[in-house]
Amino acid sequence: MERSVEKQAPRIDVPERPLDLWLLVAILGLLVIGSIEVFSSSAVYALKKHGDSFFFLKRQAAWMFLGMGALAVGAVSDYRWLRRWTYPLLLLSLVMLVGVLVFGATINGAKRWFMIGPLSFQPVELAKLSLICYLAYSLSKKHDKLKTFSVGFVPHLLVCAIMMGLLLKQPDLGSSIILAATTMTLLFVAGTKISYLLLAVLAAAPLAYAMIIGTPWRLQRFMAYFNPEAYKQGVAYQIVQAQIGIGSGGTTGTGLGLGRQQLGYMPEGHSDFIMSSIGEEMGFVGIALVLVLFSLLIWRGIRAALSSRDSFGSYLAFGISLGFAYQALINTGVVLGILPAKGLTLPFVSYGGSSLMVSMYLAGLLLNIGQAKPSRSKKRELINAVGGTRRRKRAI
């Protein structure tokens, strides 16, 4: 009898954790602020161009509705399916990045979009997801070889470099910077030698210098960063108008719908420069609220990563959180004049279709990882650990 008891595995029931309401509040708060400002900053432009002041708000609402479905799918379906489809997803994103250079629509001198009737899709959004999935899968699989140069460092950097090269052909420098920063930070978190990371940065520095100096419009943007007034009728026009708008907003803003920049002074006021509209109409309070909501989102995302019950989920949550953090910081830095101009939207807030949907799916994955049950292998590890402890106690 005693022998059969010793062989019997103890039963461990590890329930799902509750839904992270703080993370959900941060996401919904950003969506609400974004919807309000998309309408407020685009109403005059939409009426003039499309004869309907609600034109952009209607499209934003439609994408938000689809995005809610993507959020729900990401939150309720087991995120571990991405591990099985990592390489097909990576291959698909690379094919689409090549395809957009051949078949994509050219808008403002850049080939970044596939046009399907009235709809558009940016393959870079799929590339962000696929790269994070690849890094999460590879880093969790090679955890014991991460300090080796040929296995733990080069393959990850190579995949990121290929994506960056295709993005720079569009050109899309902002998104390539996001991918590079996310990759390097994830490698650092995983335990890659710092000397390897420094070597990569030093190797990339001459290339970055050549790209800026060798491209006239990039050089102009770089020079405008130091002296925007000298280029206020050209490449620095949006930066100067953004600073005027934020400055006129003061502490509490001019009031919703009462901003002057929407009267034709600020191009893309509902997209890349929506933070300027928030600063003008909602003031310092509005900008601070947006940054607090992003801080809350990133904090809960990192918390989900730290409490994840498998390494793939942990790296996946870290990668998603880093992507949101870098994109929000760069977008805000550009609008405030802290960084040179980049064509990046503000996640959940800016007007957008594919970017909004993918962002909401990624947020759903964070919710999923934060409350997921452990995998079967993890359960077996727990059972074996507890069973071994009990057997040792009996032996004592």
# chains A, B, ... in the order shown; residues from 1 in each chain; ligands from 1
>>> residues_around(residues="A:Gln243", least_positions_apart="2", cutoff="8 Å", atoms="only C-alpha atoms", output="number ranges by chain")
A: 239-241, 245-247, 276, 335-337
>>> write_last_selection(atoms="N, CA and C atoms", output="PDB file, in the first residue's frame")
ATOM      1  N   ILE A 239       7.180  69.983 -37.801  1.00  0.00           N
ATOM      2  CA  ILE A 239       7.781  70.108 -36.472  1.00  0.00           C
ATOM      3  C   ILE A 239       7.475  71.477 -35.869  1.00  0.00           C
ATOM      4  N   VAL A 240       7.651  72.516 -36.680  1.00  0.00           N
ATOM      5  CA  VAL A 240       7.394  73.873 -36.195  1.00  0.00           C
ATOM      6  C   VAL A 240       5.919  74.047 -35.841  1.00  0.00           C
ATOM      7  N   GLN A 241       5.030  73.563 -36.695  1.00  0.00           N
ATOM      8  CA  GLN A 241       3.593  73.679 -36.425  1.00  0.00           C
ATOM      9  C   GLN A 241       3.207  72.872 -35.179  1.00  0.00           C
ATOM     10  N   GLY A 245       1.452  74.394 -31.893  1.00  0.00           N
ATOM     11  CA  GLY A 245       0.211  73.844 -31.359  1.00  0.00           C
ATOM     12  C   GLY A 245       0.324  73.444 -29.902  1.00  0.00           C
ATOM     13  N   ILE A 246       1.399  72.741 -29.565  1.00  0.00           N
ATOM     14  CA  ILE A 246       1.589  72.304 -28.177  1.00  0.00           C
ATOM     15  C   ILE A 246       1.796  73.504 -27.259  1.00  0.00           C
ATOM     16  N   GLY A 247       2.553  74.491 -27.752  1.00  0.00           N
ATOM     17  CA  GLY A 247       2.786  75.687 -26.945  1.00  0.00           C
ATOM     18  C   GLY A 247       1.513  76.462 -26.679  1.00  0.00           C
ATOM     19  N   SER A 276       0.452  66.222 -31.344  1.00  0.00           N
ATOM     20  CA  SER A 276       0.385  67.683 -31.402  1.00  0.00           C
ATOM     21  C   SER A 276      -1.045  68.166 -31.198  1.00  0.00           C
ATOM     22  N   VAL A 335       7.382  64.663 -32.219  1.00  0.00           N
ATOM     23  CA  VAL A 335       6.394  65.743 -32.105  1.00  0.00           C
ATOM     24  C   VAL A 335       6.902  66.851 -31.182  1.00  0.00           C
ATOM     25  N   LEU A 336       7.609  66.480 -30.114  1.00  0.00           N
ATOM     26  CA  LEU A 336       8.127  67.482 -29.176  1.00  0.00           C
ATOM     27  C   LEU A 336       9.427  68.122 -29.653  1.00  0.00           C
ATOM     28  N   GLY A 337       9.966  67.651 -30.778  1.00  0.00           N
ATOM     29  CA  GLY A 337      11.202  68.220 -31.313  1.00  0.00           C
ATOM     30  C   GLY A 337      12.451  67.677 -30.669  1.00  0.00           C
TER      31      GLY A 337
END
>>> residues_around(residues="A:Lys147", least_positions_apart="4", cutoff="6 Å", atoms="only C-alpha atoms", output="list of chain:residue names")
A:Gly152, A:Thr192, A:Lys193
>>> closest_atom_pairs(of="stretch 167-245 of chain A", to="stretch 120-128 of chain A", cutoff="8 Å", atoms="only C-alpha atoms", output="tab-separated table")
residue	atom	partner	partner_atom	distance
A:Leu167	CA	A:Val124	CA	7.6
A:Ser175	CA	A:Val124	CA	7.5
A:Leu179	CA	A:Lys128	CA	6.9
>>> atom_distance(atom1="atom CA of A:Glu281", atom2="atom CA of A:Gln261")
9.7 Å
>>> closest_atom_pairs(of="stretch 216-308 of chain A", to="stretch 30-48 of chain A", cutoff="10 Å", atoms="only C-alpha atoms", output="CSV")
residue,atom,partner,partner_atom,distance
A:Leu256,CA,A:Ser40,CA,6.8
A:Gly257,CA,A:Ser40,CA,5.1
A:Leu258,CA,A:Ser40,CA,8.4
A:Gly259,CA,A:Ser41,CA,7.9
A:Arg260,CA,A:Ser41,CA,9.3
A:Gln261,CA,A:Ser41,CA,7.8
A:Gln262,CA,A:Ser41,CA,5.1
A:Leu263,CA,A:Val44,CA,6.4
A:Gly264,CA,A:Tyr45,CA,6.9
A:Met266,CA,A:Ser41,CA,8.9
A:Pro267,CA,A:Tyr45,CA,9.2
A:Glu268,CA,A:Ser42,CA,8.5
A:Gly269,CA,A:Ser41,CA,5.8
A:His270,CA,A:Val38,CA,4.9
A:Ser271,CA,A:Val38,CA,7.7
A:Phe273,CA,A:Ser41,CA,9.9
A:Ile274,CA,A:Glu37,CA,7.2
A:Met275,CA,A:Glu37,CA,8.9
A:Ser276,CA,A:Ser41,CA,9.6
A:Ser277,CA,A:Ser41,CA,6.3
A:Ile278,CA,A:Glu37,CA,6.6
A:Glu281,CA,A:Glu37,CA,8.6
A:Met282,CA,A:Glu37,CA,9.5
A:Gly286,CA,A:Ile33,CA,8.8
A:Leu289,CA,A:Leu30,CA,9.1
A:Val290,CA,A:Leu30,CA,6.7
A:Leu291,CA,A:Leu30,CA,9.6
A:Leu293,CA,A:Leu30,CA,6.8
A:Phe294,CA,A:Leu30,CA,7.9
A:Leu297,CA,A:Leu30,CA,9.7
>>> select_by_dssp(residues="stretch 199-379 of chain A", states="alpha helix (DSSP H)", output="ChimeraX atom specification")
/A:199-213,216-226,237-249,274-306,311-335,354-371,376-379
>>> residues_around(residues="stretch 142-146 of chain A", least_positions_apart="4", cutoff="12 Å", atoms="only C-alpha atoms", output="number ranges by chain")
A: 134-138, 150-156, 186-194, 196, 311-312, 315
>>> write_last_selection(atoms="N, CA and C atoms", output="PDB file, in the first residue's frame")
ATOM      1  N   TYR A 134       9.703  35.171 -34.026  1.00  0.00           N
ATOM      2  CA  TYR A 134      10.938  34.447 -34.326  1.00  0.00           C
ATOM      3  C   TYR A 134      11.944  34.582 -33.195  1.00  0.00           C
ATOM      4  N   LEU A 135      12.132  35.794 -32.702  1.00  0.00           N
ATOM      5  CA  LEU A 135      13.091  36.013 -31.617  1.00  0.00           C
ATOM      6  C   LEU A 135      12.667  35.256 -30.363  1.00  0.00           C
ATOM      7  N   ALA A 136      11.370  35.297 -30.036  1.00  0.00           N
ATOM      8  CA  ALA A 136      10.880  34.595 -28.850  1.00  0.00           C
ATOM      9  C   ALA A 136      11.101  33.092 -28.978  1.00  0.00           C
ATOM     10  N   TYR A 137      10.793  32.545 -30.147  1.00  0.00           N
ATOM     11  CA  TYR A 137      10.960  31.103 -30.367  1.00  0.00           C
ATOM     12  C   TYR A 137      12.433  30.707 -30.329  1.00  0.00           C
ATOM     13  N   SER A 138      13.259  31.467 -31.056  1.00  0.00           N
ATOM     14  CA  SER A 138      14.673  31.112 -31.154  1.00  0.00           C
ATOM     15  C   SER A 138      15.402  31.289 -29.823  1.00  0.00           C
ATOM     16  N   SER A 150      28.135  32.613 -32.983  1.00  0.00           N
ATOM     17  CA  SER A 150      27.603  32.063 -34.231  1.00  0.00           C
ATOM     18  C   SER A 150      26.173  31.544 -34.092  1.00  0.00           C
ATOM     19  N   VAL A 151      25.785  31.088 -32.907  1.00  0.00           N
ATOM     20  CA  VAL A 151      24.453  30.495 -32.715  1.00  0.00           C
ATOM     21  C   VAL A 151      23.515  31.439 -31.974  1.00  0.00           C
ATOM     22  N   GLY A 152      24.012  32.084 -30.939  1.00  0.00           N
ATOM     23  CA  GLY A 152      23.146  32.888 -30.093  1.00  0.00           C
ATOM     24  C   GLY A 152      22.991  34.330 -30.533  1.00  0.00           C
ATOM     25  N   PHE A 153      23.834  34.798 -31.466  1.00  0.00           N
ATOM     26  CA  PHE A 153      23.790  36.214 -31.831  1.00  0.00           C
ATOM     27  C   PHE A 153      23.586  36.448 -33.327  1.00  0.00           C
ATOM     28  N   VAL A 154      24.417  35.841 -34.158  1.00  0.00           N
ATOM     29  CA  VAL A 154      24.409  36.127 -35.598  1.00  0.00           C
ATOM     30  C   VAL A 154      23.069  35.838 -36.270  1.00  0.00           C
ATOM     31  N   PRO A 155      22.441  34.662 -36.059  1.00  0.00           N
ATOM     32  CA  PRO A 155      21.173  34.405 -36.775  1.00  0.00           C
ATOM     33  C   PRO A 155      20.095  35.440 -36.490  1.00  0.00           C
ATOM     34  N   HIS A 156      19.976  35.860 -35.235  1.00  0.00           N
ATOM     35  CA  HIS A 156      18.939  36.837 -34.882  1.00  0.00           C
ATOM     36  C   HIS A 156      19.224  38.189 -35.524  1.00  0.00           C
ATOM     37  N   LEU A 186      15.965  42.721 -26.754  1.00  0.00           N
ATOM     38  CA  LEU A 186      15.591  41.333 -26.431  1.00  0.00           C
ATOM     39  C   LEU A 186      16.834  40.456 -26.284  1.00  0.00           C
ATOM     40  N   LEU A 187      17.822  40.653 -27.145  1.00  0.00           N
ATOM     41  CA  LEU A 187      19.064  39.891 -27.024  1.00  0.00           C
ATOM     42  C   LEU A 187      19.763  40.211 -25.706  1.00  0.00           C
ATOM     43  N   PHE A 188      19.738  41.470 -25.310  1.00  0.00           N
ATOM     44  CA  PHE A 188      20.326  41.865 -24.027  1.00  0.00           C
ATOM     45  C   PHE A 188      19.585  41.204 -22.867  1.00  0.00           C
ATOM     46  N   VAL A 189      18.248  41.225 -22.919  1.00  0.00           N
ATOM     47  CA  VAL A 189      17.442  40.598 -21.868  1.00  0.00           C
ATOM     48  C   VAL A 189      17.710  39.102 -21.798  1.00  0.00           C
ATOM     49  N   ALA A 190      17.913  38.478 -22.959  1.00  0.00           N
ATOM     50  CA  ALA A 190      18.119  37.029 -22.995  1.00  0.00           C
ATOM     51  C   ALA A 190      19.489  36.616 -22.470  1.00  0.00           C
ATOM     52  N   GLY A 191      20.436  37.561 -22.401  1.00  0.00           N
ATOM     53  CA  GLY A 191      21.740  37.237 -21.848  1.00  0.00           C
ATOM     54  C   GLY A 191      22.865  37.211 -22.857  1.00  0.00           C
ATOM     55  N   THR A 192      22.638  37.773 -24.049  1.00  0.00           N
ATOM     56  CA  THR A 192      23.713  37.862 -25.037  1.00  0.00           C
ATOM     57  C   THR A 192      24.848  38.751 -24.505  1.00  0.00           C
ATOM     58  N   LYS A 193      26.053  38.419 -24.856  1.00  0.00           N
ATOM     59  CA  LYS A 193      27.196  39.203 -24.375  1.00  0.00           C
ATOM     60  C   LYS A 193      27.080  40.662 -24.841  1.00  0.00           C
ATOM     61  N   ILE A 194      27.339  41.567 -23.939  1.00  0.00           N
ATOM     62  CA  ILE A 194      27.254  42.990 -24.255  1.00  0.00           C
ATOM     63  C   ILE A 194      28.287  43.373 -25.316  1.00  0.00           C
ATOM     64  N   TYR A 196      29.093  41.718 -27.933  1.00  0.00           N
ATOM     65  CA  TYR A 196      28.505  41.457 -29.246  1.00  0.00           C
ATOM     66  C   TYR A 196      27.572  42.600 -29.651  1.00  0.00           C
ATOM     67  N   SER A 311       9.123  30.169 -21.367  1.00  0.00           N
ATOM     68  CA  SER A 311      10.093  31.161 -21.841  1.00  0.00           C
ATOM     69  C   SER A 311       9.651  31.798 -23.155  1.00  0.00           C
ATOM     70  N   PHE A 312       8.962  31.051 -24.018  1.00  0.00           N
ATOM     71  CA  PHE A 312       8.473  31.626 -25.271  1.00  0.00           C
ATOM     72  C   PHE A 312       7.505  32.768 -24.985  1.00  0.00           C
ATOM     73  N   TYR A 315       9.485  35.895 -23.601  1.00  0.00           N
ATOM     74  CA  TYR A 315      10.167  36.689 -24.628  1.00  0.00           C
ATOM     75  C   TYR A 315       9.164  37.382 -25.547  1.00  0.00           C
TER      76      TYR A 315
END
>>> closest_residue(among="A:Gln233, A:Ala203, A:Leu129, A:Ile244", to="A:Ile320", atoms="only C-alpha atoms")
A:Leu129
>>> atom_distance(atom1="atom CA of A:Ser77", atom2="atom CA of A:Phe114")
27.9 Å
>>> closest_atom_pairs(of="stretch 59-174 of chain A", to="stretch 355-366 of chain A", cutoff="12 Å", atoms="only C-alpha atoms", output="CSV")
residue,atom,partner,partner_atom,distance
A:Arg59,CA,A:Leu356,CA,11.5
A:Gln60,CA,A:Leu356,CA,8.9
A:Ala61,CA,A:Leu356,CA,10.8
A:Ala62,CA,A:Met357,CA,10.5
A:Trp63,CA,A:Met357,CA,6.8
A:Met64,CA,A:Leu356,CA,7.3
A:Phe65,CA,A:Met357,CA,9.2
A:Leu66,CA,A:Met357,CA,6.9
A:Gly67,CA,A:Met357,CA,4.5
A:Met68,CA,A:Met360,CA,7.0
A:Gly69,CA,A:Tyr361,CA,8.3
A:Ala70,CA,A:Tyr361,CA,4.8
A:Leu71,CA,A:Gly364,CA,4.4
A:Ala72,CA,A:Gly364,CA,6.3
A:Val73,CA,A:Gly364,CA,7.1
A:Gly74,CA,A:Gly364,CA,4.2
A:Ala75,CA,A:Gly364,CA,4.3
A:Val76,CA,A:Gly364,CA,8.0
A:Ser77,CA,A:Leu365,CA,8.6
A:Asp78,CA,A:Leu365,CA,8.7
A:Tyr79,CA,A:Leu365,CA,6.4
A:Arg80,CA,A:Leu365,CA,10.0
A:Trp81,CA,A:Leu365,CA,11.3
A:Leu82,CA,A:Leu365,CA,10.3
A:Trp113,CA,A:Ser355,CA,11.4
A:Ser120,CA,A:Ser355,CA,10.3
A:Phe121,CA,A:Ser355,CA,8.2
A:Gln122,CA,A:Ser355,CA,7.4
A:Pro123,CA,A:Ser355,CA,9.5
A:Val124,CA,A:Ser355,CA,8.8
A:Glu125,CA,A:Ser355,CA,6.0
A:Leu126,CA,A:Val358,CA,7.5
A:Ala127,CA,A:Val358,CA,10.4
A:Lys128,CA,A:Val358,CA,9.1
A:Leu129,CA,A:Leu362,CA,7.8
A:Ser130,CA,A:Leu362,CA,11.2
A:Ile132,CA,A:Leu362,CA,10.4
A:Cys133,CA,A:Leu362,CA,10.9
>>> write_last_selection(atoms="N, CA and C atoms", output="mmCIF file, in the first residue's frame")
data_model
loop_
_atom_site.group_PDB
_atom_site.id
_atom_site.type_symbol
_atom_site.label_atom_id
_atom_site.label_comp_id
_atom_site.auth_asym_id
_atom_site.auth_seq_id
_atom_site.Cartn_x
_atom_site.Cartn_y
_atom_site.Cartn_z
ATOM 1 N N ARG A 59 -14.156 55.601 -40.566
ATOM 2 C CA ARG A 59 -13.183 54.569 -40.928
ATOM 3 C C ARG A 59 -12.407 54.091 -39.699
ATOM 4 N N GLN A 60 -12.089 55.029 -38.820
ATOM 5 C CA GLN A 60 -11.395 54.649 -37.586
ATOM 6 C C GLN A 60 -12.277 53.745 -36.737
ATOM 7 N N ALA A 61 -13.565 54.068 -36.650
ATOM 8 C CA ALA A 61 -14.502 53.245 -35.872
ATOM 9 C C ALA A 61 -14.622 51.847 -36.465
ATOM 10 N N ALA A 62 -14.627 51.758 -37.809
ATOM 11 C CA ALA A 62 -14.697 50.449 -38.456
ATOM 12 C C ALA A 62 -13.461 49.610 -38.146
ATOM 13 N N TRP A 63 -12.288 50.236 -38.212
ATOM 14 C CA TRP A 63 -11.054 49.518 -37.902
ATOM 15 C C TRP A 63 -10.992 49.149 -36.419
ATOM 16 N N MET A 64 -11.531 50.017 -35.566
ATOM 17 C CA MET A 64 -11.568 49.692 -34.142
ATOM 18 C C MET A 64 -12.471 48.501 -33.879
ATOM 19 N N PHE A 65 -13.586 48.424 -34.594
ATOM 20 C CA PHE A 65 -14.495 47.284 -34.440
ATOM 21 C C PHE A 65 -13.789 45.988 -34.835
ATOM 22 N N LEU A 66 -13.091 46.015 -35.973
ATOM 23 C CA LEU A 66 -12.321 44.842 -36.390
ATOM 24 C C LEU A 66 -11.172 44.578 -35.415
ATOM 25 N N GLY A 67 -10.590 45.663 -34.909
ATOM 26 C CA GLY A 67 -9.496 45.522 -33.949
ATOM 27 C C GLY A 67 -9.945 44.885 -32.653
ATOM 28 N N MET A 68 -11.177 45.169 -32.222
ATOM 29 C CA MET A 68 -11.713 44.533 -31.023
ATOM 30 C C MET A 68 -11.795 43.020 -31.221
ATOM 31 N N GLY A 69 -12.166 42.611 -32.449
ATOM 32 C CA GLY A 69 -12.165 41.173 -32.752
ATOM 33 C C GLY A 69 -10.769 40.595 -32.677
ATOM 34 N N ALA A 70 -9.783 41.346 -33.228
ATOM 35 C CA ALA A 70 -8.390 40.892 -33.159
ATOM 36 C C ALA A 70 -7.905 40.824 -31.717
ATOM 37 N N LEU A 71 -8.295 41.808 -30.909
ATOM 38 C CA LEU A 71 -7.941 41.812 -29.480
ATOM 39 C C LEU A 71 -8.522 40.584 -28.784
ATOM 40 N N ALA A 72 -9.783 40.275 -29.079
ATOM 41 C CA ALA A 72 -10.433 39.116 -28.456
ATOM 42 C C ALA A 72 -9.769 37.812 -28.882
ATOM 43 N N VAL A 73 -9.437 37.704 -30.174
ATOM 44 C CA VAL A 73 -8.769 36.491 -30.667
ATOM 45 C C VAL A 73 -7.420 36.316 -29.978
ATOM 46 N N GLY A 74 -6.668 37.404 -29.890
ATOM 47 C CA GLY A 74 -5.366 37.325 -29.225
ATOM 48 C C GLY A 74 -5.471 36.983 -27.755
ATOM 49 N N ALA A 75 -6.561 37.431 -27.114
ATOM 50 C CA ALA A 75 -6.720 37.219 -25.670
ATOM 51 C C ALA A 75 -7.220 35.827 -25.313
ATOM 52 N N VAL A 76 -8.023 35.201 -26.182
ATOM 53 C CA VAL A 76 -8.654 33.924 -25.810
ATOM 54 C C VAL A 76 -7.997 32.711 -26.450
ATOM 55 N N SER A 77 -7.326 32.884 -27.604
ATOM 56 C CA SER A 77 -6.665 31.738 -28.231
ATOM 57 C C SER A 77 -5.270 31.571 -27.652
ATOM 58 N N ASP A 78 -4.858 30.332 -27.464
ATOM 59 C CA ASP A 78 -3.562 30.049 -26.851
ATOM 60 C C ASP A 78 -2.436 30.632 -27.715
ATOM 61 N N TYR A 79 -1.642 31.526 -27.138
ATOM 62 C CA TYR A 79 -0.576 32.188 -27.890
ATOM 63 C C TYR A 79 0.491 31.220 -28.374
ATOM 64 N N ARG A 80 0.527 30.009 -27.822
ATOM 65 C CA ARG A 80 1.589 29.062 -28.183
ATOM 66 C C ARG A 80 1.472 28.559 -29.628
ATOM 67 N N TRP A 81 0.315 28.829 -30.280
ATOM 68 C CA TRP A 81 0.200 28.428 -31.684
ATOM 69 C C TRP A 81 1.205 29.186 -32.551
ATOM 70 N N LEU A 82 1.600 30.375 -32.102
ATOM 71 C CA LEU A 82 2.569 31.153 -32.862
ATOM 72 C C LEU A 82 3.936 30.464 -32.914
ATOM 73 N N TRP A 113 2.614 50.369 -48.914
ATOM 74 C CA TRP A 113 1.240 49.915 -48.782
ATOM 75 C C TRP A 113 0.827 49.034 -49.953
ATOM 76 N N SER A 120 -6.065 49.686 -47.338
ATOM 77 C CA SER A 120 -4.618 49.585 -47.497
ATOM 78 C C SER A 120 -4.050 48.728 -46.370
ATOM 79 N N PHE A 121 -2.923 48.088 -46.668
ATOM 80 C CA PHE A 121 -2.266 47.241 -45.671
ATOM 81 C C PHE A 121 -0.770 47.466 -45.748
ATOM 82 N N GLN A 122 -0.146 47.669 -44.580
ATOM 83 C CA GLN A 122 1.299 47.831 -44.506
ATOM 84 C C GLN A 122 1.942 46.516 -44.052
ATOM 85 N N PRO A 123 2.725 45.870 -44.903
ATOM 86 C CA PRO A 123 3.355 44.598 -44.511
ATOM 87 C C PRO A 123 4.326 44.737 -43.347
ATOM 88 N N VAL A 124 4.782 45.961 -43.054
ATOM 89 C CA VAL A 124 5.694 46.138 -41.932
ATOM 90 C C VAL A 124 5.015 45.727 -40.621
ATOM 91 N N GLU A 125 3.691 45.856 -40.538
ATOM 92 C CA GLU A 125 2.993 45.468 -39.313
ATOM 93 C C GLU A 125 3.093 43.962 -39.094
ATOM 94 N N LEU A 126 2.949 43.197 -40.165
ATOM 95 C CA LEU A 126 3.132 41.748 -40.061
ATOM 96 C C LEU A 126 4.588 41.416 -39.771
ATOM 97 N N ALA A 127 5.512 42.217 -40.322
ATOM 98 C CA ALA A 127 6.939 41.984 -40.083
ATOM 99 C C ALA A 127 7.281 42.158 -38.608
ATOM 100 N N LYS A 128 6.679 43.147 -37.951
ATOM 101 C CA LYS A 128 6.921 43.349 -36.518
ATOM 102 C C LYS A 128 6.507 42.123 -35.729
ATOM 103 N N LEU A 129 5.302 41.608 -36.021
ATOM 104 C CA LEU A 129 4.805 40.428 -35.319
ATOM 105 C C LEU A 129 5.692 39.217 -35.585
ATOM 106 N N SER A 130 6.045 38.985 -36.846
ATOM 107 C CA SER A 130 6.823 37.797 -37.191
ATOM 108 C C SER A 130 8.226 37.845 -36.599
ATOM 109 N N ILE A 132 9.198 39.424 -33.804
ATOM 110 C CA ILE A 132 9.099 39.184 -32.357
ATOM 111 C C ILE A 132 8.851 37.705 -32.082
ATOM 112 N N CYS A 133 7.978 37.076 -32.889
ATOM 113 C CA CYS A 133 7.716 35.633 -32.714
ATOM 114 C C CYS A 133 8.973 34.814 -32.969
#
>>> closest_residue(among="A:Ile287, A:Val159, A:Ala325, A:Met211", to="A:Pro171", atoms="only C-alpha atoms")
A:Met211
>>> atom_distance(atom1="atom CA of A:Leu166", atom2="atom CA of A:Arg84")
25.1 Å
>>> select_by_dssp(residues="stretch 72-201 of chain A", states="strand (DSSP E)", output="ChimeraX atom specification")
/A:105-107,110-116,119-121
>>> write_last_selection(atoms="N, CA and C atoms", output="compact mmCIF listing (two decimals), in the first residue's frame")
# COMPACT_ATOMS: atom_id res chain seq x y z
N ALA A 105 1.69 50.49 -53.60
CA ALA A 105 1.31 51.84 -54.02
C ALA A 105 2.32 52.85 -53.50
N THR A 106 2.65 53.83 -54.32
CA THR A 106 3.58 54.89 -53.91
C THR A 106 2.79 56.07 -53.38
N ILE A 107 3.02 56.40 -52.11
CA ILE A 107 2.35 57.53 -51.47
C ILE A 107 3.42 58.39 -50.81
N ALA A 110 6.97 57.02 -51.02
CA ALA A 110 7.33 55.77 -50.34
C ALA A 110 6.41 54.64 -50.78
N LYS A 111 6.99 53.45 -50.95
CA LYS A 111 6.21 52.25 -51.29
C LYS A 111 6.08 51.39 -50.03
N ARG A 112 5.01 51.62 -49.29
CA ARG A 112 4.83 50.90 -48.02
C ARG A 112 3.49 50.19 -47.93
N TRP A 113 2.61 50.37 -48.91
CA TRP A 113 1.24 49.92 -48.78
C TRP A 113 0.83 49.03 -49.95
N PHE A 114 0.05 47.98 -49.62
CA PHE A 114 -0.73 47.26 -50.61
C PHE A 114 -2.13 47.88 -50.61
N MET A 115 -2.61 48.27 -51.76
CA MET A 115 -3.94 48.86 -51.88
C MET A 115 -4.92 47.80 -52.37
N ILE A 116 -5.98 47.58 -51.60
CA ILE A 116 -7.03 46.63 -51.98
C ILE A 116 -8.34 47.42 -51.99
N LEU A 119 -9.12 50.01 -49.22
CA LEU A 119 -8.36 49.60 -48.04
C LEU A 119 -6.87 49.53 -48.36
N SER A 120 -6.07 49.69 -47.34
CA SER A 120 -4.62 49.58 -47.50
C SER A 120 -4.05 48.73 -46.37
N PHE A 121 -2.92 48.09 -46.67
CA PHE A 121 -2.27 47.24 -45.67
C PHE A 121 -0.77 47.47 -45.75
>>> residues_around(residues="A:Val98", least_positions_apart="4", cutoff="10 Å", atoms="only C-alpha atoms", output="list in words")
Leu92, Ser93, Leu94, Val102, Phe103, Gly104, Pro123, Met163, Leu166, Leu167, Lys169 and Gln170 of chain A
>>> write_last_selection(atoms="C-alpha atoms", output="PDB file, in the first residue's frame")
ATOM      1  CA  LEU A  92       5.316  35.317 -45.414  1.00  0.00           C
ATOM      2  CA  SER A  93       6.370  38.670 -43.983  1.00  0.00           C
ATOM      3  CA  LEU A  94       9.633  38.647 -45.990  1.00  0.00           C
ATOM      4  CA  VAL A 102       7.213  45.682 -56.706  1.00  0.00           C
ATOM      5  CA  PHE A 103       3.435  45.913 -56.468  1.00  0.00           C
ATOM      6  CA  GLY A 104       2.896  48.421 -53.671  1.00  0.00           C
ATOM      7  CA  PRO A 123       3.355  44.598 -44.511  1.00  0.00           C
ATOM      8  CA  MET A 163      14.036  43.043 -42.710  1.00  0.00           C
ATOM      9  CA  LEU A 166      13.847  45.723 -47.196  1.00  0.00           C
ATOM     10  CA  LEU A 167      12.243  48.465 -45.103  1.00  0.00           C
ATOM     11  CA  LYS A 169      14.208  50.282 -49.685  1.00  0.00           C
ATOM     12  CA  GLN A 170      10.632  51.564 -49.214  1.00  0.00           C
TER      13      GLN A 170
END
>>> residues_around(residues="A:Ala180", least_positions_apart="2", cutoff="12 Å", atoms="only C-alpha atoms", output="JSON, numbers by chain")
{"A": [128, 131, 132, 135, 156, 157, 158, 159, 160, 161, 162, 163, 164, 165, 167, 173, 174, 175, 176, 177, 178, 182, 183, 184, 185, 186, 187, 197, 200, 201, 204, 319, 322, 323, 326, 327]}
>>> residues_around(residues="A:Leu367", least_positions_apart="6", cutoff="8 Å", atoms="only C-alpha atoms", output="list of chain:residue names")
A:Leu19, A:Asp20, A:Leu23, A:Leu24, A:Gly74, A:Ala75, A:Ala304
